[in-house]
Amino acid sequence: MTRRDALITVIESLHAEIAALKANDVSALEAATRAKLSGIDTVALFDGEAPSGEVKELAAEAHRLNETCRIYVNLMAANVRRRLQLLSGETAPAYRPGGYAIA
């Protein structure tokens with residue numbers, strides 16, 4: 001497998017992770033994450049080789065998709081935190097647009 005092929009595997013896995021996150025499908029998320037990590041391990045085997053322009057573009061796309069996954073996970077965690085606070089009767093601090101808590 002080439003570095004390019006491994007990056008394509010990572011990108012496909014990240015698309016699968018996003019779909020699994022949207023569907024709240026834990027099994028699919030686990031499978032996609034395993035495939036992504038395997039692809040990343042393969043990409044790492046080529047460390048030290050100068051990347052081509054195409055490889056750089058693929059790596060940038062993988063980075064963008066990974067950031068999308070991170071945002072989904074953070075939003076889901078914030079929603080769960082808020083639900084737990086509501087269930088426990090706690091009041092969460094209100095937030096201003098700048099992200100600072102209002103006491």
# chains A, B, ... in the order shown; residues from 1 in each chain; ligands from 1
>>> select_by_dssp(residues="chain A", states="strand (DSSP E)", output="PyMOL selection string")
chain A and resi 94-95+101-102
>>> write_last_selection(atoms="N, CA and C atoms", output="compact mmCIF listing (two decimals), in the first residue's frame")
# COMPACT_ATOMS: atom_id res chain seq x y z
N ALA A 94 -24.84 30.60 32.00
CA ALA A 94 -25.16 31.09 30.65
C ALA A 94 -23.88 31.56 29.99
N TYR A 95 -23.84 31.48 28.68
CA TYR A 95 -22.64 31.89 27.96
C TYR A 95 -22.95 33.05 27.04
N ALA A 101 -18.41 32.78 30.57
CA ALA A 101 -19.55 32.49 31.42
C ALA A 101 -20.06 33.78 32.07
N ILE A 102 -21.38 33.84 32.18
CA ILE A 102 -22.02 34.95 32.88
C ILE A 102 -22.44 34.42 34.23
>>> select_by_dssp(residues="chain A", states="helix (DSSP H, G or I)", output="JSON list (two decimals) with N, CA, C and O atoms, in the first residue's frame")
[["chain", "number", "residue", "atom", "x", "y", "z"],
["A", 3, "ARG", "N", 1.54, 5.50, 0.41],
["A", 3, "ARG", "CA", 1.10, 6.56, 1.32],
["A", 3, "ARG", "C", -0.22, 7.16, 0.83],
["A", 3, "ARG", "O", -1.11, 7.43, 1.61],
["A", 4, "ARG", "N", -0.31, 7.36, -0.47],
["A", 4, "ARG", "CA", -1.53, 7.91, -1.07],
["A", 4, "ARG", "C", -2.72, 7.00, -0.76],
["A", 4, "ARG", "O", -3.77, 7.46, -0.33],
["A", 5, "ASP", "N", -2.54, 5.69, -0.98],
["A", 5, "ASP", "CA", -3.62, 4.74, -0.70],
["A", 5, "ASP", "C", -4.02, 4.76, 0.78],
["A", 5, "ASP", "O", -5.20, 4.69, 1.11],
["A", 6, "ALA", "N", -3.02, 4.84, 1.64],
["A", 6, "ALA", "CA", -3.30, 4.88, 3.08],
["A", 6, "ALA", "C", -4.07, 6.13, 3.46],
["A", 6, "ALA", "O", -4.99, 6.08, 4.28],
["A", 7, "LEU", "N", -3.72, 7.27, 2.87],
["A", 7, "LEU", "CA", -4.44, 8.51, 3.15],
["A", 7, "LEU", "C", -5.88, 8.43, 2.64],
["A", 7, "LEU", "O", -6.81, 8.94, 3.29],
["A", 8, "ILE", "N", -6.06, 7.80, 1.50],
["A", 8, "ILE", "CA", -7.43, 7.62, 0.99],
["A", 8, "ILE", "C", -8.23, 6.75, 1.96],
["A", 8, "ILE", "O", -9.41, 7.03, 2.23],
["A", 9, "THR", "N", -7.61, 5.74, 2.51],
["A", 9, "THR", "CA", -8.26, 4.90, 3.52],
["A", 9, "THR", "C", -8.64, 5.74, 4.74],
["A", 9, "THR", "O", -9.75, 5.61, 5.27],
["A", 10, "VAL", "N", -7.74, 6.60, 5.18],
["A", 10, "VAL", "CA", -8.02, 7.47, 6.33],
["A", 10, "VAL", "C", -9.20, 8.39, 6.01],
["A", 10, "VAL", "O", -10.12, 8.54, 6.82],
["A", 11, "ILE", "N", -9.21, 8.97, 4.82],
["A", 11, "ILE", "CA", -10.29, 9.88, 4.43],
["A", 11, "ILE", "C", -11.63, 9.14, 4.38],
["A", 11, "ILE", "O", -12.64, 9.62, 4.89],
["A", 12, "GLU", "N", -11.63, 7.96, 3.78],
["A", 12, "GLU", "CA", -12.87, 7.17, 3.73],
["A", 12, "GLU", "C", -13.33, 6.81, 5.14],
["A", 12, "GLU", "O", -14.54, 6.84, 5.43],
["A", 13, "SER", "N", -12.40, 6.49, 6.00],
["A", 13, "SER", "CA", -12.74, 6.16, 7.39],
["A", 13, "SER", "C", -13.30, 7.36, 8.13],
["A", 13, "SER", "O", -14.23, 7.23, 8.93],
["A", 14, "LEU", "N", -12.75, 8.54, 7.86],
["A", 14, "LEU", "CA", -13.27, 9.75, 8.49],
["A", 14, "LEU", "C", -14.68, 10.06, 8.01],
["A", 14, "LEU", "O", -15.54, 10.47, 8.81],
["A", 15, "HIS", "N", -14.95, 9.84, 6.74],
["A", 15, "HIS", "CA", -16.33, 10.00, 6.24],
["A", 15, "HIS", "C", -17.26, 9.02, 6.96],
["A", 15, "HIS", "O", -18.38, 9.39, 7.34],
["A", 16, "ALA", "N", -16.78, 7.79, 7.14],
["A", 16, "ALA", "CA", -17.59, 6.79, 7.85],
["A", 16, "ALA", "C", -17.80, 7.18, 9.31],
["A", 16, "ALA", "O", -18.88, 6.98, 9.87],
["A", 17, "GLU", "N", -16.78, 7.76, 9.94],
["A", 17, "GLU", "CA", -16.93, 8.23, 11.32],
["A", 17, "GLU", "C", -17.98, 9.32, 11.42],
["A", 17, "GLU", "O", -18.82, 9.30, 12.33],
["A", 18, "ILE", "N", -17.94, 10.26, 10.50],
["A", 18, "ILE", "CA", -18.92, 11.35, 10.51],
["A", 18, "ILE", "C", -20.34, 10.78, 10.34],
["A", 18, "ILE", "O", -21.25, 11.16, 11.08],
["A", 19, "ALA", "N", -20.50, 9.86, 9.41],
["A", 19, "ALA", "CA", -21.82, 9.24, 9.21],
["A", 19, "ALA", "C", -22.27, 8.50, 10.47],
["A", 19, "ALA", "O", -23.44, 8.58, 10.86],
["A", 20, "ALA", "N", -21.35, 7.79, 11.11],
["A", 20, "ALA", "CA", -21.69, 7.05, 12.32],
["A", 20, "ALA", "C", -22.05, 7.99, 13.46],
["A", 20, "ALA", "O", -22.97, 7.72, 14.24],
["A", 21, "LEU", "N", -21.33, 9.09, 13.56],
["A", 21, "LEU", "CA", -21.65, 10.08, 14.60],
["A", 21, "LEU", "C", -23.03, 10.67, 14.36],
["A", 21, "LEU", "O", -23.82, 10.82, 15.30],
["A", 22, "LYS", "N", -23.34, 11.00, 13.12],
["A", 22, "LYS", "CA", -24.65, 11.56, 12.79],
["A", 22, "LYS", "C", -25.77, 10.57, 13.11],
["A", 22, "LYS", "O", -26.84, 10.95, 13.55],
["A", 23, "ALA", "N", -25.51, 9.28, 12.86],
["A", 23, "ALA", "CA", -26.51, 8.24, 13.07],
["A", 23, "ALA", "C", -26.50, 7.70, 14.50],
["A", 23, "ALA", "O", -27.34, 6.88, 14.84],
["A", 26, "VAL", "N", -22.81, 3.29, 17.27],
["A", 26, "VAL", "CA", -21.57, 3.01, 17.99],
["A", 26, "VAL", "C", -20.73, 1.95, 17.29],
["A", 26, "VAL", "O", -19.51, 2.09, 17.18],
["A", 27, "SER", "N", -21.37, 0.90, 16.81],
["A", 27, "SER", "CA", -20.62, -0.17, 16.12],
["A", 27, "SER", "C", -19.92, 0.36, 14.87],
["A", 27, "SER", "O", -18.75, 0.04, 14.63],
["A", 28, "ALA", "N", -20.64, 1.15, 14.10],
["A", 28, "ALA", "CA", -20.04, 1.72, 12.88],
["A", 28, "ALA", "C", -18.92, 2.70, 13.25],
["A", 28, "ALA", "O", -17.89, 2.75, 12.56],
["A", 29, "LEU", "N", -19.10, 3.44, 14.33],
["A", 29, "LEU", "CA", -18.07, 4.37, 14.78],
["A", 29, "LEU", "C", -16.81, 3.63, 15.19],
["A", 29, "LEU", "O", -15.69, 4.02, 14.83],
["A", 30, "GLU", "N", -16.97, 2.53, 15.91],
["A", 30, "GLU", "CA", -15.81, 1.73, 16.32],
["A", 30, "GLU", "C", -15.09, 1.16, 15.12],
["A", 30, "GLU", "O", -13.86, 1.20, 15.05],
["A", 31, "ALA", "N", -15.83, 0.66, 14.15],
["A", 31, "ALA", "CA", -15.21, 0.08, 12.94],
["A", 31, "ALA", "C", -14.48, 1.16, 12.14],
["A", 31, "ALA", "O", -13.34, 0.94, 11.69],
["A", 32, "ALA", "N", -15.11, 2.31, 11.99],
["A", 32, "ALA", "CA", -14.48, 3.40, 11.24],
["A", 32, "ALA", "C", -13.22, 3.89, 11.95],
["A", 32, "ALA", "O", -12.21, 4.18, 11.30],
["A", 33, "THR", "N", -13.28, 3.96, 13.27],
["A", 33, "THR", "CA", -12.11, 4.43, 14.03],
["A", 33, "THR", "C", -10.96, 3.44, 13.91],
["A", 33, "THR", "O", -9.81, 3.84, 13.73],
["A", 34, "ARG", "N", -11.26, 2.15, 13.97],
["A", 34, "ARG", "CA", -10.21, 1.13, 13.79],
["A", 34, "ARG", "C", -9.57, 1.27, 12.42],
["A", 34, "ARG", "O", -8.33, 1.22, 12.29],
["A", 35, "ALA", "N", -10.39, 1.43, 11.38],
["A", 35, "ALA", "CA", -9.87, 1.57, 10.02],
["A", 35, "ALA", "C", -9.02, 2.84, 9.89],
["A", 35, "ALA", "O", -7.96, 2.83, 9.26],
["A", 36, "LYS", "N", -9.49, 3.92, 10.51],
["A", 36, "LYS", "CA", -8.74, 5.19, 10.46],
["A", 36, "LYS", "C", -7.38, 5.02, 11.12],
["A", 36, "LYS", "O", -6.35, 5.43, 10.56],
["A", 37, "LEU", "N", -7.36, 4.43, 12.30],
["A", 37, "LEU", "CA", -6.09, 4.26, 13.02],
["A", 37, "LEU", "C", -5.13, 3.35, 12.27],
["A", 37, "LEU", "O", -3.92, 3.61, 12.23],
["A", 38, "SER", "N", -5.66, 2.32, 11.63],
["A", 38, "SER", "CA", -4.83, 1.44, 10.82],
["A", 38, "SER", "C", -4.23, 2.21, 9.64],
["A", 38, "SER", "O", -3.04, 2.07, 9.33],
["A", 39, "GLY", "N", -5.05, 3.04, 9.00],
["A", 39, "GLY", "CA", -4.56, 3.86, 7.89],
["A", 39, "GLY", "C", -3.49, 4.84, 8.34],
["A", 39, "GLY", "O", -2.49, 5.05, 7.65],
["A", 40, "ILE", "N", -3.70, 5.44, 9.51],
["A", 40, "ILE", "CA", -2.71, 6.38, 10.04],
["A", 40, "ILE", "C", -1.40, 5.66, 10.33],
["A", 40, "ILE", "O", -0.32, 6.19, 10.04],
["A", 41, "ASP", "N", -1.48, 4.45, 10.88],
["A", 41, "ASP", "CA", -0.27, 3.67, 11.13],
["A", 41, "ASP", "C", 0.47, 3.39, 9.83],
["A", 41, "ASP", "O", 1.70, 3.45, 9.77],
["A", 42, "THR", "N", -0.27, 3.11, 8.77],
["A", 42, "THR", "CA", 0.36, 2.86, 7.47],
["A", 42, "THR", "C", 1.00, 4.13, 6.92],
["A", 42, "THR", "O", 2.12, 4.09, 6.40],
["A", 43, "VAL", "N", 0.30, 5.26, 7.04],
["A", 43, "VAL", "CA", 0.88, 6.53, 6.59],
["A", 43, "VAL", "C", 2.19, 6.80, 7.33],
["A", 43, "VAL", "O", 3.18, 7.24, 6.73],
["A", 44, "ALA", "N", 2.22, 6.49, 8.62],
["A", 44, "ALA", "CA", 3.41, 6.75, 9.44],
["A", 44, "ALA", "C", 4.62, 5.94, 8.96],
["A", 44, "ALA", "O", 5.77, 6.36, 9.19],
["A", 53, "GLY", "N", 2.69, 16.64, -4.00],
["A", 53, "GLY", "CA", 1.61, 17.61, -3.90],
["A", 53, "GLY", "C", 0.27, 16.93, -3.62],
["A", 53, "GLY", "O", -0.53, 17.42, -2.82],
["A", 54, "GLU", "N", 0.03, 15.82, -4.28],
["A", 54, "GLU", "CA", -1.22, 15.09, -4.08],
["A", 54, "GLU", "C", -1.32, 14.57, -2.65],
["A", 54, "GLU", "O", -2.38, 14.65, -2.01],
["A", 55, "VAL", "N", -0.23, 14.05, -2.11],
["A", 55, "VAL", "CA", -0.22, 13.55, -0.74],
["A", 55, "VAL", "C", -0.50, 14.69, 0.24],
["A", 55, "VAL", "O", -1.25, 14.52, 1.21],
["A", 56, "LYS", "N", 0.09, 15.85, -0.02],
["A", 56, "LYS", "CA", -0.17, 17.00, 0.85],
["A", 56, "LYS", "C", -1.65, 17.38, 0.82],
["A", 56, "LYS", "O", -2.24, 17.70, 1.86],
["A", 57, "GLU", "N", -2.26, 17.36, -0.37],
["A", 57, "GLU", "CA", -3.68, 17.68, -0.49],
["A", 57, "GLU", "C", -4.54, 16.65, 0.24],
["A", 57, "GLU", "O", -5.51, 17.01, 0.91],
["A", 58, "LEU", "N", -4.19, 15.38, 0.10],
["A", 58, "LEU", "CA", -4.94, 14.33, 0.80],
["A", 58, "LEU", "C", -4.80, 14.47, 2.31],
["A", 58, "LEU", "O", -5.77, 14.30, 3.05],
["A", 59, "ALA", "N", -3.60, 14.79, 2.77],
["A", 59, "ALA", "CA", -3.37, 14.97, 4.20],
["A", 59, "ALA", "C", -4.18, 16.17, 4.72],
["A", 59, "ALA", "O", -4.75, 16.11, 5.81],
["A", 60, "ALA", "N", -4.25, 17.24, 3.93],
["A", 60, "ALA", "CA", -5.04, 18.41, 4.33],
["A", 60, "ALA", "C", -6.52, 18.06, 4.40],
["A", 60, "ALA", "O", -7.23, 18.50, 5.32],
["A", 61, "GLU", "N", -7.01, 17.27, 3.45],
["A", 61, "GLU", "CA", -8.41, 16.84, 3.48],
["A", 61, "GLU", "C", -8.68, 15.97, 4.71],
["A", 61, "GLU", "O", -9.71, 16.12, 5.37],
["A", 62, "ALA", "N", -7.76, 15.07, 5.01],
["A", 62, "ALA", "CA", -7.91, 14.23, 6.21],
["A", 62, "ALA", "C", -7.96, 15.10, 7.46],
["A", 62, "ALA", "O", -8.76, 14.86, 8.36],
["A", 63, "HIS", "N", -7.13, 16.10, 7.51],
["A", 63, "HIS", "CA", -7.12, 17.01, 8.66],
["A", 63, "HIS", "C", -8.47, 17.73, 8.79],
["A", 63, "HIS", "O", -9.02, 17.83, 9.89],
["A", 64, "ARG", "N", -9.00, 18.23, 7.68],
["A", 64, "ARG", "CA", -10.30, 18.93, 7.72],
["A", 64, "ARG", "C", -11.41, 18.00, 8.20],
["A", 64, "ARG", "O", -12.24, 18.37, 9.02],
["A", 65, "LEU", "N", -11.42, 16.78, 7.70],
["A", 65, "LEU", "CA", -12.43, 15.82, 8.12],
["A", 65, "LEU", "C", -12.28, 15.45, 9.59],
["A", 65, "LEU", "O", -13.27, 15.29, 10.31],
["A", 66, "ASN", "N", -11.04, 15.33, 10.04],
["A", 66, "ASN", "CA", -10.82, 15.03, 11.45],
["A", 66, "ASN", "C", -11.33, 16.16, 12.33],
["A", 66, "ASN", "O", -11.90, 15.93, 13.40],
["A", 67, "GLU", "N", -11.14, 17.40, 11.89],
["A", 67, "GLU", "CA", -11.66, 18.55, 12.64],
["A", 67, "GLU", "C", -13.19, 18.52, 12.68],
["A", 67, "GLU", "O", -13.79, 18.85, 13.69],
["A", 68, "THR", "N", -13.81, 18.09, 11.59],
["A", 68, "THR", "CA", -15.27, 17.96, 11.57],
["A", 68, "THR", "C", -15.71, 16.92, 12.59],
["A", 68, "THR", "O", -16.67, 17.15, 13.33],
["A", 69, "CYS", "N", -15.01, 15.79, 12.64],
["A", 69, "CYS", "CA", -15.32, 14.76, 13.64],
["A", 69, "CYS", "C", -15.17, 15.31, 15.05],
["A", 69, "CYS", "O", -16.02, 15.08, 15.92],
["A", 70, "ARG", "N", -14.11, 16.06, 15.28],
["A", 70, "ARG", "CA", -13.86, 16.63, 16.61],
["A", 70, "ARG", "C", -14.99, 17.57, 17.00],
["A", 70, "ARG", "O", -15.48, 17.53, 18.14],
["A", 71, "ILE", "N", -15.46, 18.37, 16.07],
["A", 71, "ILE", "CA", -16.55, 19.30, 16.35],
["A", 71, "ILE", "C", -17.83, 18.53, 16.70],
["A", 71, "ILE", "O", -18.52, 18.86, 17.67],
["A", 72, "TYR", "N", -18.15, 17.49, 15.93],
["A", 72, "TYR", "CA", -19.32, 16.67, 16.24],
["A", 72, "TYR", "C", -19.23, 16.09, 17.65],
["A", 72, "TYR", "O", -20.19, 16.12, 18.41],
["A", 73, "VAL", "N", -18.08, 15.52, 17.98],
["A", 73, "VAL", "CA", -17.91, 14.91, 19.30],
["A", 73, "VAL", "C", -18.05, 15.97, 20.40],
["A", 73, "VAL", "O", -18.72, 15.73, 21.41],
["A", 74, "ASN", "N", -17.46, 17.13, 20.21],
["A", 74, "ASN", "CA", -17.57, 18.19, 21.22],
["A", 74, "ASN", "C", -19.01, 18.64, 21.40],
["A", 74, "ASN", "O", -19.46, 18.88, 22.52],
["A", 75, "LEU", "N", -19.75, 18.77, 20.29],
["A", 75, "LEU", "CA", -21.15, 19.16, 20.39],
["A", 75, "LEU", "C", -21.98, 18.10, 21.10],
["A", 75, "LEU", "O", -22.84, 18.41, 21.93],
["A", 76, "MET", "N", -21.71, 16.84, 20.77],
["A", 76, "MET", "CA", -22.44, 15.76, 21.44],
["A", 76, "MET", "C", -22.14, 15.75, 22.93],
["A", 76, "MET", "O", -23.04, 15.58, 23.75],
["A", 77, "ALA", "N", -20.88, 15.94, 23.29],
["A", 77, "ALA", "CA", -20.51, 15.96, 24.71],
["A", 77, "ALA", "C", -21.17, 17.14, 25.43],
["A", 77, "ALA", "O", -21.64, 17.00, 26.56],
["A", 78, "ALA", "N", -21.23, 18.28, 24.77],
["A", 78, "ALA", "CA", -21.88, 19.44, 25.38],
["A", 78, "ALA", "C", -23.37, 19.19, 25.58],
["A", 78, "ALA", "O", -23.94, 19.57, 26.61],
["A", 79, "ASN", "N", -24.01, 18.54, 24.61],
["A", 79, "ASN", "CA", -25.43, 18.22, 24.74],
["A", 79, "ASN", "C", -25.68, 17.25, 25.88],
["A", 79, "ASN", "O", -26.64, 17.40, 26.65],
["A", 80, "VAL", "N", -24.83, 16.25, 26.01],
["A", 80, "VAL", "CA", -24.98, 15.28, 27.09],
["A", 80, "VAL", "C", -24.76, 15.99, 28.44],
["A", 80, "VAL", "O", -25.53, 15.78, 29.39],
["A", 81, "ARG", "N", -23.74, 16.82, 28.51],
["A", 81, "ARG", "CA", -23.48, 17.55, 29.76],
["A", 81, "ARG", "C", -24.69, 18.38, 30.15],
["A", 81, "ARG", "O", -25.12, 18.38, 31.30],
["A", 82, "ARG", "N", -25.25, 19.08, 29.19],
["A", 82, "ARG", "CA", -26.42, 19.93, 29.47],
["A", 82, "ARG", "C", -27.62, 19.09, 29.92],
["A", 82, "ARG", "O", -28.32, 19.44, 30.85],
["A", 83, "ARG", "N", -27.85, 17.96, 29.26],
["A", 83, "ARG", "CA", -28.96, 17.08, 29.66],
["A", 83, "ARG", "C", -28.77, 16.56, 31.08],
["A", 83, "ARG", "O", -29.72, 16.50, 31.86],
["A", 84, "LEU", "N", -27.54, 16.15, 31.38],
["A", 84, "LEU", "CA", -27.27, 15.65, 32.74],
["A", 84, "LEU", "C", -27.47, 16.75, 33.77],
["A", 84, "LEU", "O", -27.99, 16.50, 34.87],
["A", 85, "GLN", "N", -27.07, 17.96, 33.44],
["A", 85, "GLN", "CA", -27.28, 19.07, 34.36],
["A", 85, "GLN", "C", -28.77, 19.31, 34.58],
["A", 85, "GLN", "O", -29.21, 19.53, 35.72],
["A", 86, "LEU", "N", -29.54, 19.26, 33.53],
["A", 86, "LEU", "CA", -30.99, 19.46, 33.66],
["A", 86, "LEU", "C", -31.62, 18.34, 34.49],
["A", 86, "LEU", "O", -32.48, 18.60, 35.34],
["A", 87, "LEU", "N", -31.19, 17.10, 34.25],
["A", 87, "LEU", "CA", -31.74, 15.97, 35.00],
["A", 87, "LEU", "C", -31.39, 16.03, 36.48],
["A", 87, "LEU", "O", -32.17, 15.61, 37.33],
["A", 88, "SER", "N", -30.21, 16.55, 36.79],
["A", 88, "SER", "CA", -29.78, 16.61, 38.18],
["A", 88, "SER", "C", -30.25, 17.89, 38.87],
["A", 88, "SER", "O", -30.02, 18.06, 40.06]]
>>> decode(residues="region 53-70 of chain A", atoms="N, CA, C and O atoms", output="compact mmCIF listing (two decimals), in the first residue's frame")
# COMPACT_ATOMS: atom_id res chain seq x y z
N GLY A 53 2.69 16.64 -4.00
CA GLY A 53 1.61 17.61 -3.90
C GLY A 53 0.27 16.93 -3.62
O GLY A 53 -0.53 17.42 -2.82
N GLU A 54 0.03 15.82 -4.28
CA GLU A 54 -1.22 15.09 -4.08
C GLU A 54 -1.32 14.57 -2.65
O GLU A 54 -2.38 14.65 -2.01
N VAL A 55 -0.23 14.05 -2.11
CA VAL A 55 -0.22 13.55 -0.74
C VAL A 55 -0.50 14.69 0.24
O VAL A 55 -1.25 14.52 1.21
N LYS A 56 0.09 15.85 -0.02
CA LYS A 56 -0.17 17.00 0.85
C LYS A 56 -1.65 17.38 0.82
O LYS A 56 -2.24 17.70 1.86
N GLU A 57 -2.26 17.36 -0.37
CA GLU A 57 -3.68 17.68 -0.49
C GLU A 57 -4.54 16.65 0.24
O GLU A 57 -5.51 17.01 0.91
N LEU A 58 -4.19 15.38 0.10
CA LEU A 58 -4.94 14.33 0.80
C LEU A 58 -4.80 14.47 2.31
O LEU A 58 -5.77 14.30 3.05
N ALA A 59 -3.60 14.79 2.77
CA ALA A 59 -3.37 14.97 4.20
C ALA A 59 -4.18 16.17 4.72
O ALA A 59 -4.75 16.11 5.81
N ALA A 60 -4.25 17.24 3.93
CA ALA A 60 -5.04 18.41 4.33
C ALA A 60 -6.52 18.06 4.40
O ALA A 60 -7.23 18.50 5.32
N GLU A 61 -7.01 17.27 3.45
CA GLU A 61 -8.41 16.84 3.48
C GLU A 61 -8.68 15.97 4.71
O GLU A 61 -9.71 16.12 5.37
N ALA A 62 -7.76 15.07 5.01
CA ALA A 62 -7.91 14.23 6.21
C ALA A 62 -7.96 15.10 7.46
O ALA A 62 -8.76 14.86 8.36
N HIS A 63 -7.13 16.10 7.51
CA HIS A 63 -7.12 17.01 8.66
C HIS A 63 -8.47 17.73 8.79
O HIS A 63 -9.02 17.83 9.89
N ARG A 64 -9.00 18.23 7.68
CA ARG A 64 -10.30 18.93 7.72
C ARG A 64 -11.41 18.00 8.20
O ARG A 64 -12.24 18.37 9.02
N LEU A 65 -11.42 16.78 7.70
CA LEU A 65 -12.43 15.82 8.12
C LEU A 65 -12.28 15.45 9.59
O LEU A 65 -13.27 15.29 10.31
N ASN A 66 -11.04 15.33 10.04
CA ASN A 66 -10.82 15.03 11.45
C ASN A 66 -11.33 16.16 12.33
O ASN A 66 -11.90 15.93 13.40
N GLU A 67 -11.14 17.40 11.89
CA GLU A 67 -11.66 18.55 12.64
C GLU A 67 -13.19 18.52 12.68
O GLU A 67 -13.79 18.85 13.69
N THR A 68 -13.81 18.09 11.59
CA THR A 68 -15.27 17.96 11.57
C THR A 68 -15.71 16.92 12.59
O THR A 68 -16.67 17.15 13.33
N CYS A 69 -15.01 15.79 12.64
CA CYS A 69 -15.32 14.76 13.64
C CYS A 69 -15.17 15.31 15.05
O CYS A 69 -16.02 15.08 15.92
N ARG A 70 -14.11 16.06 15.28
CA ARG A 70 -13.86 16.63 16.61
C ARG A 70 -14.99 17.57 17.00
O ARG A 70 -15.48 17.53 18.14
